[in-house]
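Here the structure comes first, spelled out in structure tokens, and everything after it is commentary.
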Amino acid sequence: MLYRKMPKNGDELSILGFGCMRLPMKEDGSIDEDRATRQVRYAIDHGVNYVDTAWPYHMEQSEPFLGRALADGYREKVKLATKLPSWLIKSREDMDKFLDAQLKKLNIDHIDYYLIHALVGDLWDYIEKLGIADFLDKARADGRIINAGFSFHGSGDEFKRIVDAYDWDFCQIQYNFLDEKNQAGTEGLEYAASKGLGVIIMEPLRGGYLANPVPPAVQEIWDEASTKRTAAEWALLWVWNHPEVTVVLSGMNEETHIEENLAVADKAYPNSLTEAEIQLVKKVERKYRELMKAGCTGCRYCMPCPEGVNIPLCFETYNTLYMSGNADETKFMYAARLGGVLSGGEPEFASLCVQCGECLEKCPQHLDIPTILESVVEELEGSDLEERVAIAKQIFKK
């Protein structure tokens with residue numbers, strides 16, 4: 001495991017952090033705690049020392065889980081990060097209420113890295129007026145938090161304004177080779193670093209889209225490289241190639257993901273990619289832009305939908321339609337997965353959308369979700385949808 005220094009405090013942090021937003025799940029929707037605990041502890045035993053969670057992750061199950069997973073001496077081995085749910089804050093008192101509740105849920109007396117969650121310009125203006133600076137100053141002074149930061153999903157101009165608005169220790173941004181000019185982007189990464197902030201990276205694989213499945217047209221480009229790497233390895237190395245990056249978070253819910261990411265983190269030095277390799281990644285980026293139809297990362301902030309639409313799964317399947325090159329299989333799996341055949345639940349089709357607009361306020365990618373869902377209906381449903389659901393039931397219910 002390689003480590004990079006947090007600029008303002010000198011902490012030596014593992015370049016790979018464990019993100020607890022996409023933990024392994026049981027069929028009933030709860031975290032598979034035995035498996036997830038083994039995964040978290042295995043990563044820590046192999047050098048990971050930064051673990052990240054948040055109030056809403058896994059329907060508020062992630063923080064209590066992590067409090068249990070970090071027992072038996074594991075808490076002392078890591079720097080723990082969690083986040084204030086900024087959109088739920090209605091008063092200055094709420095800030096302390098949520099922080100104190102998080103300390104209790106995590107079963108700890110302090111949080112090493114505390115973030116104001118999912119900021120955009122308007123939300124920052126709102127909580128700034130409520131006294132967020134006073135809250136952070138006092139929480140630092142009384143020892144409940146050690147380092148103050150924020151996670152961000154707005155525009156580049158908003159990002160710089162927030163960076164300059166408080167004496168932050170670090171920030172967290174979405175960054176990958178598809179997002180160089182999206183949200184904070186490369187300009188924001190470099191700006192934050194120039195101000196002495198550590199930079200934590202989320203969504204390095206764009207919710208997994210950059211790793212699995214790899215579209216055949218994209219794999220053909222990766223295969224051009226003289227050094228053979230997996231798609232996930234290429235994507236992670238590209239992020240770590242930037243010296244301004246401190247930690248890259250990965251939502252590792254498969255043991256194979258953990259093994260692969262740990263192996264890459266043993267050799268991911270800054271400025272280690274050649275110019276030819278950087279140009280190869282740019283070529284892959286252009287091909288993805290040709291293929292992808294929905295820029296969803298699968299964060300699930302839009303959920304639950306009041307009408308029962310599984311928005312992330314609709315978008316995942318929609319992208320698969322264009323990236324896999326196999327329309328028949330994709331349409332069949334849309335019927336099986338969104339029709340409740342595999343889950344045993346109710347249908348979650350895009351056509352259930354009534355365009356209420358509730359999801360628009362929640363999406364950190366600022367996607368026009370109702371409009372994209374209309375395209376999903378047009379291309380993945382159709383007059384034979386019920387027939388496909390019936391066939392799926394015959395196949396999977398034997």
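Chain labels run A, B, ... following the order of the structure tokens; each chain numbers its residues from 1, and ligands are numbered from 1 in the order shown.
By chain and then residue number, the residues within 9 Å of region 281-291 of chain A are Phe177, Leu178, Leu210, Pro215, Ala217, Val218, Gln219, Ile221, Trp222, Trp234, Ala235, Trp238, Asn319, Tyr322 and Met323 of chain A, counting only C-alpha atoms and disregarding those fewer than 6 positions away in sequence.
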So that I can see what lies close to region 364-373 of chain A, please list as a PDB file with N, CA and C atoms, in the first residue's frame the residues with an atom at most 6 Å from it, counting only C-alpha atoms and leaving out residues fewer than 3 positions away in the same chain.
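Heads up, here's the output in around36.pdb:
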ATOM      1  N   HIS A 153     -20.995  18.416  -5.214  1.00  0.00           N
ATOM      2  CA  HIS A 153     -21.634  17.945  -6.442  1.00  0.00           C
ATOM      3  C   HIS A 153     -22.176  19.093  -7.291  1.00  0.00           C
ATOM      4  N   ALA A 350     -39.588   1.980 -15.640  1.00  0.00           N
ATOM      5  CA  ALA A 350     -39.510   3.416 -15.917  1.00  0.00           C
ATOM      6  C   ALA A 350     -40.875   4.010 -16.223  1.00  0.00           C
ATOM      7  N   GLN A 355     -43.566  11.861 -13.472  1.00  0.00           N
ATOM      8  CA  GLN A 355     -42.869  13.152 -13.624  1.00  0.00           C
ATOM      9  C   GLN A 355     -43.207  14.121 -12.503  1.00  0.00           C
ATOM     10  N   VAL A 376     -35.979   5.492 -21.689  1.00  0.00           N
ATOM     11  CA  VAL A 376     -35.906   4.101 -21.228  1.00  0.00           C
ATOM     12  C   VAL A 376     -37.180   3.356 -21.614  1.00  0.00           C
TER      13      VAL A 376
END
Write out as CSV the residues of region 140-222 of chain A that have any atom within 12 Å of an atom of region 42-55 of chain A, one row each with the nearest atom pair and its distance in Å to one decimal, counting only C-alpha atoms, sorted by chain and then rising number.
residue,atom,partner,partner_atom,distance
A:Phe150,CA,A:Ala54,CA,11.9
A:Ser151,CA,A:Ala54,CA,10.8
A:Gln172,CA,A:Asp52,CA,10.8
A:Ile200,CA,A:Asp52,CA,10.1
A:Ile201,CA,A:Asp52,CA,11.1
A:Met202,CA,A:Asp52,CA,10.1
Considering only helix (DSSP H, G or I) as DSSP defines it on the backbone, what residues of region 193-333 of chain A qualify? List them as a PyMOL selection string.
chain A and resi 193-194+216-222+231-240+255-264+275-291+311-324+327-333
What's around Asp109 (chain A) at 10 Å? Count only C-alpha atoms, leave out sequence neighbours fewer than 4 positions away in its own chain, and write the answer as a PyMOL selection string.
chain A and resi 100+102-104+143-145
Restricting the output to C-alpha atoms, write the selected residues as an mmCIF file, in the first residue's frame.
data_model
loop_
_atom_site.group_PDB
_atom_site.id
_atom_site.type_symbol
_atom_site.label_atom_id
_atom_site.label_comp_id
_atom_site.auth_asym_id
_atom_site.auth_seq_id
_atom_site.Cartn_x
_atom_site.Cartn_y
_atom_site.Cartn_z
ATOM 1 C CA ASP A 100 -23.900 13.789 18.403
ATOM 2 C CA GLN A 102 -23.472 10.025 14.564
ATOM 3 C CA LEU A 103 -20.930 9.724 17.359
ATOM 4 C CA LYS A 104 -23.393 7.501 19.186
ATOM 5 C CA GLY A 143 -12.730 17.517 20.031
ATOM 6 C CA ARG A 144 -15.811 15.948 18.474
ATOM 7 C CA ILE A 145 -14.261 16.389 15.036
#
Give me the region 257-328 of chain A side of the contact with region 19-26 of chain A, cut-off 12 Å, one line per residue showing its nearest atom pair and distance in Å at one decimal, counting only C-alpha atoms, sorted by chain and residue number, as JSON lines.
{"residue": "A:His257", "atom": "CA", "partner": "A:Leu23", "partner_atom": "CA", "distance": 11.9}
{"residue": "A:Ile258", "atom": "CA", "partner": "A:Gly19", "partner_atom": "CA", "distance": 11.3}
{"residue": "A:Thr297", "atom": "CA", "partner": "A:Arg22", "partner_atom": "CA", "distance": 11.7}
{"residue": "A:Gly298", "atom": "CA", "partner": "A:Arg22", "partner_atom": "CA", "distance": 9.5}
{"residue": "A:Cys299", "atom": "CA", "partner": "A:Met21", "partner_atom": "CA", "distance": 7.9}
{"residue": "A:Arg300", "atom": "CA", "partner": "A:Met21", "partner_atom": "CA", "distance": 9.6}
{"residue": "A:Tyr301", "atom": "CA", "partner": "A:Met21", "partner_atom": "CA", "distance": 10.9}
Would you export the selected residues with N, CA and C atoms as a PDB file, in the first residue's frame, please?
ATOM      1  N   HIS A 257     -12.874  -7.376  -6.009  1.00  0.00           N
ATOM      2  CA  HIS A 257     -12.623  -5.935  -6.155  1.00  0.00           C
ATOM      3  C   HIS A 257     -11.554  -5.483  -5.156  1.00  0.00           C
ATOM      4  N   ILE A 258     -11.673  -5.952  -3.942  1.00  0.00           N
ATOM      5  CA  ILE A 258     -10.720  -5.558  -2.898  1.00  0.00           C
ATOM      6  C   ILE A 258      -9.319  -6.005  -3.274  1.00  0.00           C
ATOM      7  N   THR A 297     -24.346   7.563 -11.756  1.00  0.00           N
ATOM      8  CA  THR A 297     -23.273   6.836 -11.073  1.00  0.00           C
ATOM      9  C   THR A 297     -23.805   5.764 -10.130  1.00  0.00           C
ATOM     10  N   GLY A 298     -25.122   5.644 -10.026  1.00  0.00           N
ATOM     11  CA  GLY A 298     -25.700   4.637  -9.133  1.00  0.00           C
ATOM     12  C   GLY A 298     -25.639   4.999  -7.669  1.00  0.00           C
ATOM     13  N   CYS A 299     -25.543   6.279  -7.335  1.00  0.00           N
ATOM     14  CA  CYS A 299     -25.427   6.683  -5.930  1.00  0.00           C
ATOM     15  C   CYS A 299     -26.717   6.485  -5.141  1.00  0.00           C
ATOM     16  N   ARG A 300     -27.853   6.443  -5.836  1.00  0.00           N
ATOM     17  CA  ARG A 300     -29.175   6.181  -5.248  1.00  0.00           C
ATOM     18  C   ARG A 300     -29.699   7.348  -4.409  1.00  0.00           C
ATOM     19  N   TYR A 301     -29.149   8.526  -4.545  1.00  0.00           N
ATOM     20  CA  TYR A 301     -29.687   9.677  -3.824  1.00  0.00           C
ATOM     21  C   TYR A 301     -31.115   9.994  -4.272  1.00  0.00           C
TER      22      TYR A 301
END
Nearby residues (only C-alpha atoms) at most 7 Å from Leu273 (chain A), same-chain spacing under 4 positions excluded, as a PDB file with N, CA and C atoms, in the first residue's frame:
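Here's the written file result23.pdb:
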ATOM      1  N   ASN A 241      -2.623   9.083 -10.867  1.00  0.00           N
ATOM      2  CA  ASN A 241      -1.548   9.745 -11.599  1.00  0.00           C
ATOM      3  C   ASN A 241      -1.455  11.229 -11.257  1.00  0.00           C
ATOM      4  N   GLU A 277       0.115   6.429 -22.689  1.00  0.00           N
ATOM      5  CA  GLU A 277      -0.963   5.832 -21.889  1.00  0.00           C
ATOM      6  C   GLU A 277      -2.048   6.856 -21.583  1.00  0.00           C
ATOM      7  N   ILE A 278      -1.657   8.090 -21.314  1.00  0.00           N
ATOM      8  CA  ILE A 278      -2.643   9.143 -21.071  1.00  0.00           C
ATOM      9  C   ILE A 278      -3.495   9.373 -22.317  1.00  0.00           C
TER      10      ILE A 278
END
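Considering the residues A:Glu27, A:Asp167, A:Asp134, A:Glu63 and counting only C-alpha atoms, Leu80 (chain A) has its shortest atom-to-atom contact with A:Glu63.
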Find the residue from A:Glu203, A:Asp122, A:Glu346, A:Glu260 that sits nearest to Cys296 (chain A); use only C-alpha atoms when measuring.
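With only C-alpha atoms as the atom set, the closest residue is A:Glu203.
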Go through region 7-38 of chain A and flag each residue having an atom no more than 9 Å from region 66-74 of chain A; for those, report the closest pair of atoms plus their distance in Å to one decimal, using only C-alpha atoms, ordered by chain and rising number, as JSON lines.
{"residue": "A:Cys20", "atom": "CA", "partner": "A:Leu66", "partner_atom": "CA", "distance": 8.2}
{"residue": "A:Glu33", "atom": "CA", "partner": "A:Ala69", "partner_atom": "CA", "distance": 8.1}
{"residue": "A:Asp34", "atom": "CA", "partner": "A:Ala69", "partner_atom": "CA", "distance": 8.9}
{"residue": "A:Ala36", "atom": "CA", "partner": "A:Ala69", "partner_atom": "CA", "distance": 8.1}
{"residue": "A:Thr37", "atom": "CA", "partner": "A:Ala69", "partner_atom": "CA", "distance": 5.1}
{"residue": "A:Arg38", "atom": "CA", "partner": "A:Ala69", "partner_atom": "CA", "distance": 8.3}
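Distance annotation: of A:Leu13, A:Leu189, A:Met95, A:Ile146, the residue with the minimal separation from Val245 (chain A) is A:Leu189; atom set is only C-alpha atoms.
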Using only C-alpha atoms: which of A:Gly17, A:Lys362, A:Gln39, A:Phe152 has the shortest distance to Thr256 (chain A)
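Among A:Gly17, A:Lys362, A:Gln39, A:Phe152, it is A:Gln39 that comes nearest to Thr256 (chain A).
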Just list as a ChimeraX atom specification whatever in region 142-253 of chain A DSSP marks as strand (DSSP E).
/A:145-152,170-174,198-202,247-250
Create the file for the chosen residues now, containing C-alpha atoms and written as an mmCIF file, in the first residue's frame.
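Listed below is the output, selection31.cif:
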data_model
loop_
_atom_site.group_PDB
_atom_site.id
_atom_site.type_symbol
_atom_site.label_atom_id
_atom_site.label_comp_id
_atom_site.auth_asym_id
_atom_site.auth_seq_id
_atom_site.Cartn_x
_atom_site.Cartn_y
_atom_site.Cartn_z
ATOM 1 C CA ILE A 145 -14.261 16.389 15.036
ATOM 2 C CA ILE A 146 -10.592 16.670 14.149
ATOM 3 C CA ASN A 147 -10.613 17.781 10.506
ATOM 4 C CA ALA A 148 -13.347 19.690 8.666
ATOM 5 C CA GLY A 149 -14.179 19.221 5.011
ATOM 6 C CA PHE A 150 -16.996 19.022 2.502
ATOM 7 C CA SER A 151 -18.154 16.794 -0.328
ATOM 8 C CA PHE A 152 -19.266 18.474 -3.495
ATOM 9 C CA PHE A 170 -9.884 18.774 2.945
ATOM 10 C CA CYS A 171 -12.612 18.238 0.386
ATOM 11 C CA GLN A 172 -14.168 15.324 -1.489
ATOM 12 C CA ILE A 173 -15.006 15.487 -5.184
ATOM 13 C CA GLN A 174 -16.232 13.190 -7.920
ATOM 14 C CA GLY A 198 -6.261 17.380 0.875
ATOM 15 C CA VAL A 199 -8.471 15.974 -1.874
ATOM 16 C CA ILE A 200 -10.474 12.779 -1.454
ATOM 17 C CA ILE A 201 -11.825 11.275 -4.687
ATOM 18 C CA MET A 202 -15.198 9.550 -4.983
ATOM 19 C CA VAL A 247 -7.081 9.329 -1.279
ATOM 20 C CA VAL A 248 -9.285 7.495 -3.768
ATOM 21 C CA LEU A 249 -12.440 5.942 -2.318
ATOM 22 C CA SER A 250 -13.683 2.668 -3.721
#
Neighbour list for Val120 (chain A) as a PyMOL selection string, cut-off 8 Å, only C-alpha atoms, skip fewer than 2 positions in-chain:
chain A and resi 118+122-124+152-155+158-159
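Among the candidates A:Glu233, A:Met292, A:Tyr318, A:Arg388, the one nearest to Ala335 (chain A) when counting only C-alpha atoms is A:Arg388.
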